[in-house]
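Have a look at the structure below, then the notes.
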Amino acid sequence: MSHEGGMNLTLKVWKQKNSKTEGHLETYPVSDISPDMSFLEMFDVLNEKLISTGKEPIAFDHDCREGICGMCSMHINGRPHGPKGGITTCQLHMRSFKDGDTIVVEPWRAAAFPVVKDLVVDRSSFDRIIAAGGYVSVNTGNAKDANNILIPKTDADDAFNAAACIGCGACVAACKNASAMLFVSAKISQLSLLPQGQIERTSRAENMIAVMDEEGFGNCTNTGACEAECPKEISLENIARMNREFFSAKVLANKK
Amino acid sequence: MSKETFLTSTLGRKLLMGLTGLFLIGFLVVHVSLNSLIFLNDHGATFNKGAHFMSHNIVIRIMEVGLFAGLIAHMVLALQLTLKNNKARPVKYAMTNGNANSSWYSRSMGILGSLLLMFLVVHLANFWIPTKIAVFNETEHNTFEDMKVVFSKWYFVSVYMVGVIALSYHLLHGFQSAFQSLGMNHRKYSPLVRKVGILFAIGVPVIFAAMPLVIAFGLIK
């Protein structure tokens, strides 16, 4: 089986039975890995080997494997989604590592993201934040002409850039405070920038931020780690916009 | 939902953190300006006049209470925010590579702030307390003489050097960070804010650092 260019690596992977038990790092040697494999394909090879030798495979999240679903939550060598910027784990290739490397793989670590098993974390706290206000009310009926509502190009661009967020949680994983503010600010921004998002604008900011705080995420200390690690390169400008949305909601909502 | 009040929410506390930070930055401007009078090299005559004004003027003395309130608020908020942040990640990473995505000083504001607090205790004991005692006893006080006595000792000069270095890094992150927390992020003006922040974070500590040094080396008498 061995072919030229095959890499031999040592993996140290977090093994944890469930959210109730404590986990530990377990060492797995992997051999004959193609540099052209994605990081997840390397895990597939390892898991196949574990299964064939009667051992338990490593549980990890994955779905689309093309960088848009946000499932592949792996903290690789101290960084979310590994050493490259602007990509998810499935877009990371083994050529980013050297033959003989030791690679440490851990799950996202946050109180609001409990470990389900091994590298799989429960990110439903993000869903509850969205449910609190990440939507717009629309009238039912025929589809309106797309040009009925005029939107400035700059607003459309900013909203689109914020909407690129795939909710992967790398911002929380990267932040030293496990803060979810880049995620929440992107979700608030994509709607508050557009005319359709104006109706729930104040309640959205208040409710989503209230749930964010309840879920136990940390505070933003503006280190910029989230922006640097975000696979969709969501800007810190969104966090400042969220702050403005929240302050004006609290002051302008005119309620007790 | 929405049970949080404005100022107890995470964002509200961050707002207060930024506002008190900017307030303390404002104090630094006054402090560094007044102390720069020693560079006139007139045996501290002008500086002492300024110091006398600051310790006796009623408006300044009321503002001094506000300054301590702002400082205490800044510290209490930092403590509250840090405690919540620590709870947000109960299990730490076995391996982190923070330098890949952020600066060490932006992640060390608590340590830098604690260093500043320790420095402040020494600093207040050196100058503020003797001045307060003199004001209380209604005796004349020569703050410039105090400076000469304190800065003739190498260990005090070292403490002040550590203090200004901690101040510099604290400001390097804190200055622009305060604007971000206030929601002020602007494509045209934020680059300017960051540049002014860097100039301030280097310039003010350098001027402060020069004071013990020029006295210790006898350049200002």
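Chain labels A, B, ... are given in the sequence in which chains occur in the structure tokens; within each chain residues are numbered consecutively from 1, and ligands are likewise numbered from 1 in the order shown.
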
>> List as a PyMOL selection string the protein and nucleic acid residues near Val136 (chain A), meaning an atom at most 8 Å away when only C-alpha atoms are counted, but skip any in the same chain fewer than 5 places from it.
In response: chain A and resi 191+196-197+199-200

Produce a table with one row for each residue of chain B that has an atom at most 8 Å from any atom of chain A, each row naming the nearest atom pair and its distance in Å at one decimal; use only C-alpha atoms; arrange rows by chain and rising residue number; format as a Markdown table.
| residue | atom | partner | partner_atom | distance |
| --- | --- | --- | --- | --- |
| B:Met1 | CA | A:Asn207 | CA | 6.1 |
| B:Ser2 | CA | A:Ala210 | CA | 5.7 |
| B:Lys3 | CA | A:Ala210 | CA | 7.5 |
| B:Glu4 | CA | A:Ala210 | CA | 6.7 |
| B:Phe6 | CA | A:Lys250 | CA | 6.3 |
| B:Ser9 | CA | A:Asp213 | CA | 7.5 |
| B:Thr10 | CA | A:Asn219 | CA | 6.2 |
| B:Leu11 | CA | A:Asn243 | CA | 6.6 |
| B:Gly12 | CA | A:Phe247 | CA | 7.8 |
| B:Lys14 | CA | A:Cys220 | CA | 7.9 |
| B:Leu81 | CA | A:Asn219 | CA | 6.6 |
| B:Lys84 | CA | A:Gly218 | CA | 6.0 |
| B:Asn85 | CA | A:Gly218 | CA | 4.4 |
| B:Asn86 | CA | A:Asn177 | CA | 6.7 |
| B:Lys87 | CA | A:Ala111 | CA | 7.2 |
| B:Ala88 | CA | A:Ala111 | CA | 5.0 |
| B:Arg89 | CA | A:Ala110 | CA | 4.5 |
| B:Pro90 | CA | A:Ala111 | CA | 6.2 |
| B:Val91 | CA | A:Arg109 | CA | 6.5 |
| B:Lys92 | CA | A:Arg109 | CA | 6.8 |
| B:Tyr93 | CA | A:Arg109 | CA | 6.9 |
| B:Ala94 | CA | A:Glu106 | CA | 7.8 |
| B:Met95 | CA | A:Gly78 | CA | 4.7 |
| B:Thr96 | CA | A:Gly78 | CA | 3.6 |
| B:Asn97 | CA | A:Gly78 | CA | 4.6 |
| B:Gly98 | CA | A:Gly78 | CA | 7.5 |
| B:Ala100 | CA | A:Arg79 | CA | 7.9 |
| B:Asn101 | CA | A:Ala225 | CA | 4.8 |
| B:Ser102 | CA | A:Ala225 | CA | 5.2 |
| B:Ser103 | CA | A:Thr223 | CA | 7.1 |
| B:Ser106 | CA | A:Thr223 | CA | 5.2 |
| B:Arg107 | CA | A:Thr223 | CA | 6.4 |
| B:Ser177 | CA | A:Asn222 | CA | 6.0 |
| B:Gln180 | CA | A:Ala240 | CA | 5.5 |
| B:Ser181 | CA | A:Ala240 | CA | 6.5 |
| B:Leu182 | CA | A:Asn243 | CA | 6.8 |
| B:Gly183 | CA | A:Ala240 | CA | 4.0 |
| B:Met184 | CA | A:Ala240 | CA | 6.2 |
| B:Asn185 | CA | A:Ala240 | CA | 5.8 |
| B:His186 | CA | A:Glu237 | CA | 7.8 |

Set the distance at 7 Å and use only C-alpha atoms: which residues neighbour Asn48 (chain B) once local chain neighbours fewer than 6 positions away are removed? I'd like the list as a PDB file with all heavy atoms, in the first residue's frame.
ATOM      1  N   ASN B 142       6.291  70.451  49.368  1.00  0.00           N
ATOM      2  CA  ASN B 142       7.109  70.547  48.165  1.00  0.00           C
ATOM      3  C   ASN B 142       7.144  69.185  47.459  1.00  0.00           C
ATOM      4  O   ASN B 142       7.944  68.315  47.778  1.00  0.00           O
ATOM      5  CB  ASN B 142       8.531  70.995  48.547  1.00  0.00           C
ATOM      6  CG  ASN B 142       9.339  71.363  47.313  1.00  0.00           C
ATOM      7  OD1 ASN B 142       9.071  70.884  46.211  1.00  0.00           O
ATOM      8  ND2 ASN B 142      10.332  72.224  47.509  1.00  0.00           N
ATOM      9  N   THR B 143       6.219  69.028  46.500  1.00  0.00           N
ATOM     10  CA  THR B 143       6.114  67.743  45.797  1.00  0.00           C
ATOM     11  C   THR B 143       7.365  67.458  44.971  1.00  0.00           C
ATOM     12  O   THR B 143       7.765  66.304  44.806  1.00  0.00           O
ATOM     13  CB  THR B 143       4.864  67.735  44.891  1.00  0.00           C
ATOM     14  OG1 THR B 143       3.741  68.157  45.669  1.00  0.00           O
ATOM     15  CG2 THR B 143       4.569  66.350  44.338  1.00  0.00           C
ATOM     16  N   PHE B 144       7.995  68.501  44.447  1.00  0.00           N
ATOM     17  CA  PHE B 144       9.208  68.323  43.660  1.00  0.00           C
ATOM     18  C   PHE B 144      10.324  67.711  44.521  1.00  0.00           C
ATOM     19  O   PHE B 144      11.067  66.834  44.053  1.00  0.00           O
ATOM     20  CB  PHE B 144       9.657  69.666  43.060  1.00  0.00           C
ATOM     21  CG  PHE B 144      10.805  69.518  42.094  1.00  0.00           C
ATOM     22  CD1 PHE B 144      10.629  68.894  40.865  1.00  0.00           C
ATOM     23  CD2 PHE B 144      12.072  70.006  42.412  1.00  0.00           C
ATOM     24  CE1 PHE B 144      11.684  68.746  39.978  1.00  0.00           C
ATOM     25  CE2 PHE B 144      13.129  69.865  41.534  1.00  0.00           C
ATOM     26  CZ  PHE B 144      12.938  69.244  40.311  1.00  0.00           C
TER      27      PHE B 144
END

>> I want to know what sits within 12 Å of region 125-131 of chain B, based on only C-alpha atoms, with residues of the same chain fewer than 5 positions away left out; could you give that as a VMD selection string?
In response: chain B and resid 48 51 to 56 64 118 to 120 136 to 151 153 156 to 157 159 to 160

> Mind pulling up the distance from CA of Ile58 (chain A) to CA of Asp118 (chain A)?
Replying inline: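 These two atoms are separated by 6.5 Å.
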
>> I need the residues in region 128-167 of chain A that are helix (DSSP H, G or I) according to DSSP; give them as a VMD selection string.
In response: chain A and resid 128 to 131 153 to 163

> Among region 33-234 of chain A, which residues carry a DSSP assignment of strand (DSSP E), reported as a VMD selection string?
Replying inline: chain A and resid 33 75 to 76 79 to 80 102 to 106 115 to 117 120 to 121

> Ser31 (chain A): which residues within 10 Å, counting only C-alpha atoms, same-chain residues fewer than 5 positions away excluded, as a list in words?
Replying inline: Ser2, Gly6, Met7, Asn8, Leu9, Thr10, Met42, Val45, Leu46, Asp99 and Gly100 of chain A

Grab the residues selected above and save them as an mmCIF file, in the first residue's frame with N, CA and C atoms.
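Output file part_17.cif is given in full below:
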data_model
loop_
_atom_site.group_PDB
_atom_site.id
_atom_site.type_symbol
_atom_site.label_atom_id
_atom_site.label_comp_id
_atom_site.auth_asym_id
_atom_site.auth_seq_id
_atom_site.Cartn_x
_atom_site.Cartn_y
_atom_site.Cartn_z
ATOM 1 N N SER A 2 2.025 1.140 0.601
ATOM 2 C CA SER A 2 2.848 2.326 0.794
ATOM 3 C C SER A 2 3.255 2.951 -0.546
ATOM 4 N N GLY A 6 3.845 9.424 1.239
ATOM 5 C CA GLY A 6 2.942 9.116 2.341
ATOM 6 C C GLY A 6 3.481 9.674 3.652
ATOM 7 N N MET A 7 2.596 10.317 4.434
ATOM 8 C CA MET A 7 3.051 10.959 5.674
ATOM 9 C C MET A 7 2.759 10.057 6.867
ATOM 10 N N ASN A 8 3.688 10.085 7.822
ATOM 11 C CA ASN A 8 3.467 9.409 9.088
ATOM 12 C C ASN A 8 3.292 10.483 10.172
ATOM 13 N N LEU A 9 2.200 10.390 10.901
ATOM 14 C CA LEU A 9 1.874 11.424 11.881
ATOM 15 C C LEU A 9 1.477 10.798 13.212
ATOM 16 N N THR A 10 1.591 11.586 14.268
ATOM 17 C CA THR A 10 1.076 11.167 15.571
ATOM 18 C C THR A 10 -0.090 12.091 15.930
ATOM 19 N N MET A 42 -8.310 12.168 6.429
ATOM 20 C CA MET A 42 -7.293 11.517 7.251
ATOM 21 C C MET A 42 -7.964 10.857 8.468
ATOM 22 N N VAL A 45 -9.662 7.641 7.356
ATOM 23 C CA VAL A 45 -8.690 6.552 7.239
ATOM 24 C C VAL A 45 -8.395 5.958 8.622
ATOM 25 N N LEU A 46 -8.191 6.861 9.588
ATOM 26 C CA LEU A 46 -7.903 6.408 10.952
ATOM 27 C C LEU A 46 -9.085 5.619 11.510
ATOM 28 N N ASP A 99 5.674 15.677 7.496
ATOM 29 C CA ASP A 99 5.848 14.277 7.866
ATOM 30 C C ASP A 99 6.477 14.209 9.253
ATOM 31 N N GLY A 100 5.903 13.377 10.117
ATOM 32 C CA GLY A 100 6.449 13.231 11.465
ATOM 33 C C GLY A 100 5.835 14.161 12.503
#

>> Need the shell around region 41-47 of chain B: protein/DNA/RNA residues with any atom at most 6 Å away, counting only C-alpha atoms. Skip same-chain ones fewer than 3 positions apart. Format as number ranges by chain?
In response: B: 37-38, 50, 144, 220-221
